[in-house]
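Structure file run.pdb; described as PDB, C-alpha atoms.
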ATOM      1  CA  MET A1385      -5.373  33.704  62.370  1.00  0.00           C
ATOM      2  CA  ASN A1386      -6.166  37.416  62.706  1.00  0.00           C
ATOM      3  CA  LEU A1387      -3.982  40.174  61.297  1.00  0.00           C
ATOM      4  CA  ILE A1388      -2.164  40.914  64.548  1.00  0.00           C
ATOM      5  CA  GLU A1389      -1.218  37.246  64.877  1.00  0.00           C
ATOM      6  CA  GLN A1390      -0.055  37.203  61.244  1.00  0.00           C
ATOM      7  CA  VAL A1391       2.140  40.244  61.869  1.00  0.00           C
ATOM      8  CA  LYS A1392       3.627  38.688  64.992  1.00  0.00           C
ATOM      9  CA  ASP A1393       4.219  35.452  63.098  1.00  0.00           C
ATOM     10  CA  ALA A1394       6.112  37.356  60.401  1.00  0.00           C
ATOM     11  CA  LEU A1395       8.158  39.293  62.933  1.00  0.00           C
ATOM     12  CA  VAL A1396       9.381  36.237  64.832  1.00  0.00           C
ATOM     13  CA  GLN A1397      10.772  34.524  61.747  1.00  0.00           C
ATOM     14  CA  PRO A1398      14.523  34.194  62.284  1.00  0.00           C
ATOM     15  CA  ARG A1399      15.564  34.311  58.625  1.00  0.00           C
ATOM     16  CA  PRO A1400      14.918  37.356  56.406  1.00  0.00           C
ATOM     17  CA  GLN A1401      13.583  35.148  53.580  1.00  0.00           C
ATOM     18  CA  GLU A1402      11.019  33.620  55.935  1.00  0.00           C
ATOM     19  CA  ARG A1403       9.978  37.092  57.129  1.00  0.00           C
ATOM     20  CA  ALA A1404       9.654  38.246  53.527  1.00  0.00           C
ATOM     21  CA  SER A1405       7.510  35.229  52.657  1.00  0.00           C
ATOM     22  CA  LYS A1406       5.181  35.778  55.618  1.00  0.00           C
ATOM     23  CA  LEU A1407       4.950  39.475  54.783  1.00  0.00           C
ATOM     24  CA  GLU A1408       3.990  38.712  51.186  1.00  0.00           C
ATOM     25  CA  GLN A1409       1.193  36.503  52.512  1.00  0.00           C
ATOM     26  CA  LEU A1410       0.120  39.380  54.723  1.00  0.00           C
ATOM     27  CA  SER A1411       0.156  41.717  51.694  1.00  0.00           C
ATOM     28  CA  ASP A1412      -2.125  39.328  49.847  1.00  0.00           C
ATOM     29  CA  ASN A1413      -4.418  39.250  52.849  1.00  0.00           C
ATOM     30  CA  PHE A1414      -4.569  43.068  52.920  1.00  0.00           C
ATOM     31  CA  GLU A1415      -5.387  43.070  49.236  1.00  0.00           C
ATOM     32  CA  TYR A1416      -7.887  40.221  48.939  1.00  0.00           C
ATOM     33  CA  ALA A1417      -9.460  39.473  52.320  1.00  0.00           C
ATOM     34  CA  GLN A1418     -12.923  40.957  52.717  1.00  0.00           C
ATOM     35  CA  ASP A1419     -13.537  40.625  56.446  1.00  0.00           C
ATOM     36  CA  LEU A1420     -10.582  42.484  57.959  1.00  0.00           C
ATOM     37  CA  LYS A1421     -11.159  44.609  61.035  1.00  0.00           C
ATOM     38  CA  GLU A1422     -10.166  48.223  60.555  1.00  0.00           C
ATOM     39  CA  GLU A1423      -8.542  48.502  63.978  1.00  0.00           C
ATOM     40  CA  GLU A1424      -6.404  45.449  63.238  1.00  0.00           C
ATOM     41  CA  ILE A1425      -5.308  46.901  59.902  1.00  0.00           C
ATOM     42  CA  VAL A1426      -4.222  50.155  61.558  1.00  0.00           C
ATOM     43  CA  GLU A1427      -2.422  48.327  64.368  1.00  0.00           C
ATOM     44  CA  SER A1428      -0.769  45.971  61.887  1.00  0.00           C
ATOM     45  CA  VAL A1429       0.544  48.818  59.749  1.00  0.00           C
ATOM     46  CA  THR A1430       1.799  50.632  62.839  1.00  0.00           C
ATOM     47  CA  GLN A1431       3.676  47.540  64.043  1.00  0.00           C
ATOM     48  CA  LEU A1432       5.077  46.845  60.586  1.00  0.00           C
ATOM     49  CA  LEU A1433       6.281  50.431  60.244  1.00  0.00           C
ATOM     50  CA  VAL A1434       8.341  50.344  63.421  1.00  0.00           C
ATOM     51  CA  VAL A1435      10.057  47.096  62.463  1.00  0.00           C
ATOM     52  CA  ALA A1436      10.436  47.962  58.756  1.00  0.00           C
ATOM     53  CA  LEU A1437      12.582  50.956  59.596  1.00  0.00           C
ATOM     54  CA  GLN A1438      14.955  48.707  61.565  1.00  0.00           C
ATOM     55  CA  GLU A1439      15.123  45.866  59.030  1.00  0.00           C
ATOM     56  CA  LYS A1440      18.566  45.391  57.482  1.00  0.00           C
ATOM     57  CA  ASP A1441      17.797  42.773  54.832  1.00  0.00           C
ATOM     58  CA  PRO A1442      16.729  44.532  51.585  1.00  0.00           C
ATOM     59  CA  GLU A1443      14.274  41.803  50.492  1.00  0.00           C
ATOM     60  CA  ALA A1444      12.569  41.673  53.876  1.00  0.00           C
ATOM     61  CA  LYS A1445      12.550  45.473  54.109  1.00  0.00           C
ATOM     62  CA  GLU A1446      10.857  45.756  50.740  1.00  0.00           C
ATOM     63  CA  SER A1447       8.298  43.167  51.864  1.00  0.00           C
ATOM     64  CA  PHE A1448       7.524  45.269  54.932  1.00  0.00           C
ATOM     65  CA  PHE A1449       6.963  48.362  52.796  1.00  0.00           C
ATOM     66  CA  HIS A1450       4.925  46.410  50.264  1.00  0.00           C
ATOM     67  CA  ALA A1451       2.659  45.036  53.013  1.00  0.00           C
ATOM     68  CA  MET A1452       2.079  48.468  54.553  1.00  0.00           C
ATOM     69  CA  ASN A1453       1.386  49.985  51.163  1.00  0.00           C
ATOM     70  CA  ALA A1454      -1.056  47.197  50.301  1.00  0.00           C
ATOM     71  CA  ALA A1455      -2.971  47.859  53.507  1.00  0.00           C
ATOM     72  CA  VAL A1456      -3.181  51.593  52.869  1.00  0.00           C
ATOM     73  CA  VAL A1457      -3.978  51.382  49.146  1.00  0.00           C
ATOM     74  CA  HIS A1458      -6.532  48.581  49.331  1.00  0.00           C
ATOM     75  CA  HIS A1459      -8.305  50.001  52.373  1.00  0.00           C
ATOM     76  CA  GLN A1460      -8.748  53.619  51.378  1.00  0.00           C
ATOM     77  CA  LYS A1461     -12.469  53.485  52.082  1.00  0.00           C
ATOM     78  CA  GLU A1462     -11.592  52.652  55.685  1.00  0.00           C
ATOM     79  CA  LYS A1463      -9.137  55.597  55.662  1.00  0.00           C
ATOM     80  CA  ILE A1464      -6.267  53.473  56.966  1.00  0.00           C
ATOM     81  CA  GLY A1465      -3.672  55.927  55.640  1.00  0.00           C
ATOM     82  CA  GLU A1466      -5.307  58.686  57.634  1.00  0.00           C
ATOM     83  CA  ARG A1467      -5.336  56.671  60.857  1.00  0.00           C
ATOM     84  CA  VAL A1468      -1.669  55.698  60.963  1.00  0.00           C
ATOM     85  CA  ASP A1469       0.859  58.078  62.526  1.00  0.00           C
ATOM     86  CA  TRP A1470       3.459  58.449  59.773  1.00  0.00           C
ATOM     87  CA  ASP A1471       5.777  60.808  61.690  1.00  0.00           C
ATOM     88  CA  ILE A1472       8.278  58.015  62.398  1.00  0.00           C
ATOM     89  CA  LEU A1473       8.400  57.315  58.664  1.00  0.00           C
ATOM     90  CA  VAL A1474       8.939  60.997  57.875  1.00  0.00           C
ATOM     91  CA  ALA A1475      11.823  61.111  60.351  1.00  0.00           C
ATOM     92  CA  ALA A1476      13.418  58.104  58.635  1.00  0.00           C
ATOM     93  CA  LEU A1477      13.022  59.352  55.036  1.00  0.00           C
ATOM     94  CA  PRO A1478      16.571  60.759  54.714  1.00  0.00           C
ATOM     95  CA  GLY A1479      18.034  57.304  55.373  1.00  0.00           C
ATOM     96  CA  LEU A1480      15.760  55.387  53.008  1.00  0.00           C
ATOM     97  CA  GLU A1481      16.847  54.176  49.593  1.00  0.00           C
ATOM     98  CA  LYS A1482      14.823  54.841  46.442  1.00  0.00           C
ATOM     99  CA  PRO A1483      12.687  51.658  46.400  1.00  0.00           C
ATOM    100  CA  TYR A1484      11.474  52.383  49.927  1.00  0.00           C
ATOM    101  CA  LEU A1485      10.969  56.081  49.202  1.00  0.00           C
ATOM    102  CA  ASP A1486       8.537  55.109  46.458  1.00  0.00           C
ATOM    103  CA  TYR A1487       6.362  53.256  48.956  1.00  0.00           C
ATOM    104  CA  ALA A1488       6.853  55.908  51.644  1.00  0.00           C
ATOM    105  CA  PHE A1489       5.806  58.762  49.373  1.00  0.00           C
ATOM    106  CA  ASN A1490       2.729  56.838  48.280  1.00  0.00           C
ATOM    107  CA  MET A1491       1.674  56.141  51.870  1.00  0.00           C
ATOM    108  CA  LEU A1492       2.225  59.781  52.833  1.00  0.00           C
ATOM    109  CA  SER A1493       0.099  60.857  49.872  1.00  0.00           C
ATOM    110  CA  LEU A1494      -2.763  58.787  51.308  1.00  0.00           C
ATOM    111  CA  SER A1495      -2.428  60.257  54.795  1.00  0.00           C
ATOM    112  CA  ARG A1496      -4.524  63.338  53.980  1.00  0.00           C
ATOM    113  CA  ARG A1497      -2.202  65.334  56.265  1.00  0.00           C
ATOM    114  CA  GLU A1498      -1.281  68.745  54.950  1.00  0.00           C
ATOM    115  CA  ARG A1499       1.883  68.861  57.066  1.00  0.00           C
ATOM    116  CA  TYR A1500       3.449  66.228  54.805  1.00  0.00           C
ATOM    117  CA  LEU A1501       3.260  68.487  51.752  1.00  0.00           C
ATOM    118  CA  SER A1502       6.418  70.330  52.818  1.00  0.00           C
ATOM    119  CA  VAL A1503       8.216  67.026  53.367  1.00  0.00           C
ATOM    120  CA  LEU A1504       7.276  65.801  49.911  1.00  0.00           C
ATOM    121  CA  SER A1505       8.128  69.195  48.427  1.00  0.00           C
ATOM    122  CA  SER A1506      11.668  68.981  49.767  1.00  0.00           C
ATOM    123  CA  TYR A1507      12.177  65.773  47.761  1.00  0.00           C
ATOM    124  CA  THR A1508      10.960  67.386  44.532  1.00  0.00           C
ATOM    125  CA  ARG A1509      14.320  69.198  44.495  1.00  0.00           C
ATOM    126  CA  SER A1510      16.328  65.966  44.700  1.00  0.00           C
ATOM    127  CA  GLU A1511      19.268  65.606  42.326  1.00  0.00           C
ATOM    128  CA  ASP A1512      17.850  62.193  41.453  1.00  0.00           C
ATOM    129  CA  ALA A1513      15.216  62.838  38.767  1.00  0.00           C
ATOM    130  CA  GLU A1514      13.260  59.699  39.667  1.00  0.00           C
ATOM    131  CA  ILE A1515      12.998  60.669  43.332  1.00  0.00           C
ATOM    132  CA  SER A1516      11.903  64.171  42.296  1.00  0.00           C
ATOM    133  CA  GLU A1517       9.194  62.722  40.084  1.00  0.00           C
ATOM    134  CA  LEU A1518       7.992  60.286  42.752  1.00  0.00           C
ATOM    135  CA  ALA A1519       7.767  63.129  45.270  1.00  0.00           C
ATOM    136  CA  ARG A1520       5.917  65.377  42.800  1.00  0.00           C
ATOM    137  CA  ASP A1521       3.402  62.622  42.037  1.00  0.00           C
ATOM    138  CA  ALA A1522       2.811  61.974  45.738  1.00  0.00           C
ATOM    139  CA  MET A1523       2.484  65.681  46.400  1.00  0.00           C
ATOM    140  CA  ASP A1524      -0.050  66.029  43.573  1.00  0.00           C
ATOM    141  CA  ASP A1525      -2.060  63.083  44.940  1.00  0.00           C
ATOM    142  CA  LEU A1526      -2.015  64.538  48.461  1.00  0.00           C
ATOM    143  CA  GLN A1527      -2.992  68.006  47.254  1.00  0.00           C
ATOM    144  CA  TYR A1528      -5.834  66.518  45.230  1.00  0.00           C
ATOM    145  CA  THR A1529      -7.245  64.525  48.153  1.00  0.00           C
ATOM    146  CA  LEU A1530      -6.955  67.560  50.417  1.00  0.00           C
ATOM    147  CA  ALA A1531      -8.846  69.681  47.881  1.00  0.00           C
ATOM    148  CA  HIS A1532     -11.416  66.940  47.156  1.00  0.00           C
ATOM    149  CA  PRO A1533     -12.248  65.127  50.418  1.00  0.00           C
ATOM    150  CA  SER A1534     -14.555  62.596  48.802  1.00  0.00           C
ATOM    151  CA  ALA A1535     -11.864  61.547  46.302  1.00  0.00           C
ATOM    152  CA  SER A1536      -9.945  59.463  48.830  1.00  0.00           C
ATOM    153  CA  GLN A1537     -12.891  57.189  49.400  1.00  0.00           C
ATOM    154  CA  GLY A1538     -13.239  55.695  45.964  1.00  0.00           C
ATOM    155  CA  GLU A1539     -10.331  56.390  43.697  1.00  0.00           C
ATOM    156  CA  GLU A1540      -7.068  54.621  44.209  1.00  0.00           C
ATOM    157  CA  PRO A1541      -3.911  56.564  43.327  1.00  0.00           C
ATOM    158  CA  SER A1542      -1.125  54.791  41.556  1.00  0.00           C
ATOM    159  CA  VAL A1543       0.599  51.917  43.327  1.00  0.00           C
ATOM    160  CA  PRO A1544       4.413  51.975  43.352  1.00  0.00           C
ATOM    161  CA  ASP A1545       6.161  49.506  41.093  1.00  0.00           C
ATOM    162  CA  GLN A1546       7.086  46.320  42.830  1.00  0.00           C
TER     163      GLN A1546
END

Write out the structure in this file as structure tokens.
Amino acid sequence: MNLIEQVKDALVQPRPQERASKLEQLSDNFEYAQDLKEEEIVESVTQLLVVALQEKDPEAKESFFHAMNAAVVHHQKEKIGERVDWDILVAALPGLEKPYLDYAFNMLSLSRRERYLSVLSSYTRSEDAEISELARDAMDDLQYTLAHPSASQGEEPSVPDQ
């Protein structure tokens, strides 16, 4: 089963727990599979992103974010984070809770898009100290990869706690 089929299989699961389970399998695939096609990874993350932002169940929602993050973190050499359009995620940031912001900030830090620096900067002034710190870390990672283009191809920034 290719990645696109795995994503579709996860999305059609009627119960949130089943979706979460399928998404965890997909996360493992992103992390450990060696023969994934780059185009399928990008398309998978894009599909997951759209549905993740609509998911109501917290466990399933976290599984969506975990899967997307796994794809971006474990496929930095393929520049997956740079090839996904994260604007829909940026638009949804104000409505996301802290666990999802952690993943979101990490994925934005791997986008190598300077325009997201101002978004991350706005969260460094959050009243919640943890959100401020997460945003600062993501901003630092993004600034570093922008200043050092070759850095994004080998080093892996920190992965959010799960």

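Shell of region 1507-1511 of chain A at 10 Å, with all atoms listed in the file counted and residues fewer than 2 places along the chain excluded, is Leu1477, Pro1478, Leu1485, Phe1489, Ser1502, Val1503, Leu1504, Ser1505, Ala1513, Glu1514, Ile1515, Ser1516, Glu1517, Leu1518, Ala1519, Arg1520, Asp1521, Ala1522 and Met1523 of chain A.
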
Mind dumping the selected residues with C-alpha atoms as a PDB file, in the frame of the given file?
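Generated output (part20.pdb):
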ATOM      1  CA  LEU A1477      13.022  59.352  55.036  1.00  0.00           C
ATOM      2  CA  PRO A1478      16.571  60.759  54.714  1.00  0.00           C
ATOM      3  CA  LEU A1485      10.969  56.081  49.202  1.00  0.00           C
ATOM      4  CA  PHE A1489       5.806  58.762  49.373  1.00  0.00           C
ATOM      5  CA  SER A1502       6.418  70.330  52.818  1.00  0.00           C
ATOM      6  CA  VAL A1503       8.216  67.026  53.367  1.00  0.00           C
ATOM      7  CA  LEU A1504       7.276  65.801  49.911  1.00  0.00           C
ATOM      8  CA  SER A1505       8.128  69.195  48.427  1.00  0.00           C
ATOM      9  CA  ALA A1513      15.216  62.838  38.767  1.00  0.00           C
ATOM     10  CA  GLU A1514      13.260  59.699  39.667  1.00  0.00           C
ATOM     11  CA  ILE A1515      12.998  60.669  43.332  1.00  0.00           C
ATOM     12  CA  SER A1516      11.903  64.171  42.296  1.00  0.00           C
ATOM     13  CA  GLU A1517       9.194  62.722  40.084  1.00  0.00           C
ATOM     14  CA  LEU A1518       7.992  60.286  42.752  1.00  0.00           C
ATOM     15  CA  ALA A1519       7.767  63.129  45.270  1.00  0.00           C
ATOM     16  CA  ARG A1520       5.917  65.377  42.800  1.00  0.00           C
ATOM     17  CA  ASP A1521       3.402  62.622  42.037  1.00  0.00           C
ATOM     18  CA  ALA A1522       2.811  61.974  45.738  1.00  0.00           C
ATOM     19  CA  MET A1523       2.484  65.681  46.400  1.00  0.00           C
TER      20      MET A1523
END

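The smallest atom-to-atom distance between Leu1530 (chain A) and any of A:Ile1464, A:Leu1501, A:Ile1472, A:Leu1410, using all atoms listed in the file, is found for A:Leu1501.
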
Distance query Phe1448 (chain A) at most 12 Å, only C-alpha atoms, self and fewer than 5 positions along chain excluded, as a VMD selection string: chain A and resid 1391 1394 to 1395 1400 to 1401 1403 to 1411 1428 to 1443 1453 to 1455 1483 to 1484 1487 to 1488

Selected residue, from A:Asp1524, A:Leu1387, A:Gly1479, A:Leu1494, that lies nearest to Lys1461 (chain A) when counting all atoms listed in the file: A:Leu1494

Pairwise distance for CA of Trp1470 (chain A) and CA of Ser1495 (chain A), rounded to one decimal in Å: 7.9 Å

For Phe1414 (chain A), the nearest of the candidates A:Val1396, A:Ala1476, A:Ala1444, A:Met1452, counting all atoms listed in the file: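 Ranked by minimum distance to Phe1414 (chain A), first place goes to A:Met1452.
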
Atom pair CA of Ile1388 (chain A) / CA of Asp1419 (chain A): separation (Å): 14.0 Å

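Remark: for Ala1417 (chain A), the closest of the candidate residues A:His1532, A:Arg1467, A:His1458, A:Arg1499 is A:His1458 (distances computed over all atoms listed in the file).
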
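Pairwise distance (CA of Lys1392 (chain A), CA of Leu1420 (chain A)) equals 16.3 Å.
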
Residue nearest Met1385 (chain A) among A:Leu1526, A:Ser1506, A:Ser1447, A:Asn1413 (counting only C-alpha atoms):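 Counting only C-alpha atoms, the residue closest to Met1385 (chain A) is A:Asn1413.
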
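Nearest-residue note for Asn1490 (chain A): choosing from A:Lys1463, A:Asp1469, A:Val1456, A:Val1474, the minimum distance belongs to A:Val1456, counting only C-alpha atoms.
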
Each side padded by 5 Å, which centre and which edge lengths in Å (one decimal) define the axis-aligned box around the listed atoms of region 1394-1412 of chain A? Give them as JSON.
{"center_x": 6.7, "center_y": 37.7, "center_z": 57.3, "size_x": 27.7, "size_y": 18.1, "size_z": 25.0}

From the block I gave, I'd like region 1393-1433 of chain A written with C-alpha atoms, as an mmCIF file, in the first residue's frame.
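To be explicit, this is the file written out as result.cif:
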data_model
loop_
_atom_site.group_PDB
_atom_site.id
_atom_site.type_symbol
_atom_site.label_atom_id
_atom_site.label_comp_id
_atom_site.auth_asym_id
_atom_site.auth_seq_id
_atom_site.Cartn_x
_atom_site.Cartn_y
_atom_site.Cartn_z
ATOM 1 C CA ASP A 1393 -7.346 4.443 4.679
ATOM 2 C CA ALA A 1394 -6.757 6.491 7.833
ATOM 3 C CA LEU A 1395 -9.186 9.194 6.764
ATOM 4 C CA VAL A 1396 -12.091 6.837 6.101
ATOM 5 C CA GLN A 1397 -11.960 5.251 9.545
ATOM 6 C CA PRO A 1398 -15.272 6.051 11.238
ATOM 7 C CA ARG A 1399 -14.011 6.047 14.828
ATOM 8 C CA PRO A 1400 -11.379 8.521 16.080
ATOM 9 C CA GLN A 1401 -9.419 5.726 17.810
ATOM 10 C CA GLU A 1402 -9.186 3.811 14.534
ATOM 11 C CA ARG A 1403 -8.019 6.961 12.722
ATOM 12 C CA ALA A 1404 -5.424 7.569 15.426
ATOM 13 C CA SER A 1405 -4.162 3.994 15.146
ATOM 14 C CA LYS A 1406 -3.837 4.192 11.358
ATOM 15 C CA LEU A 1407 -2.106 7.558 11.658
ATOM 16 C CA GLU A 1408 0.417 6.159 14.132
ATOM 17 C CA GLN A 1409 1.203 3.416 11.620
ATOM 18 C CA LEU A 1410 1.654 6.103 8.994
ATOM 19 C CA SER A 1411 3.999 8.003 11.346
ATOM 20 C CA ASP A 1412 6.096 4.879 11.750
ATOM 21 C CA ASN A 1413 6.185 4.494 7.992
ATOM 22 C CA PHE A 1414 7.386 8.099 7.582
ATOM 23 C CA GLU A 1415 10.072 7.461 10.155
ATOM 24 C CA TYR A 1416 11.342 4.008 9.191
ATOM 25 C CA ALA A 1417 10.464 3.231 5.573
ATOM 26 C CA GLN A 1418 13.371 3.716 3.194
ATOM 27 C CA ASP A 1419 11.677 3.642 -0.200
ATOM 28 C CA LEU A 1420 9.085 6.413 0.088
ATOM 29 C CA LYS A 1421 8.447 8.620 -2.918
ATOM 30 C CA GLU A 1422 9.006 12.290 -2.216
ATOM 31 C CA GLU A 1423 5.922 13.394 -4.141
ATOM 32 C CA GLU A 1424 3.774 11.002 -2.114
ATOM 33 C CA ILE A 1425 5.205 12.322 1.149
ATOM 34 C CA VAL A 1426 4.397 15.914 0.169
ATOM 35 C CA GLU A 1427 0.897 14.990 -1.004
ATOM 36 C CA SER A 1428 0.300 12.933 2.134
ATOM 37 C CA VAL A 1429 1.305 15.778 4.435
ATOM 38 C CA THR A 1430 -0.854 18.204 2.471
ATOM 39 C CA GLN A 1431 -3.893 15.918 2.751
ATOM 40 C CA LEU A 1432 -3.263 15.265 6.436
ATOM 41 C CA LEU A 1433 -2.954 18.983 7.144
#
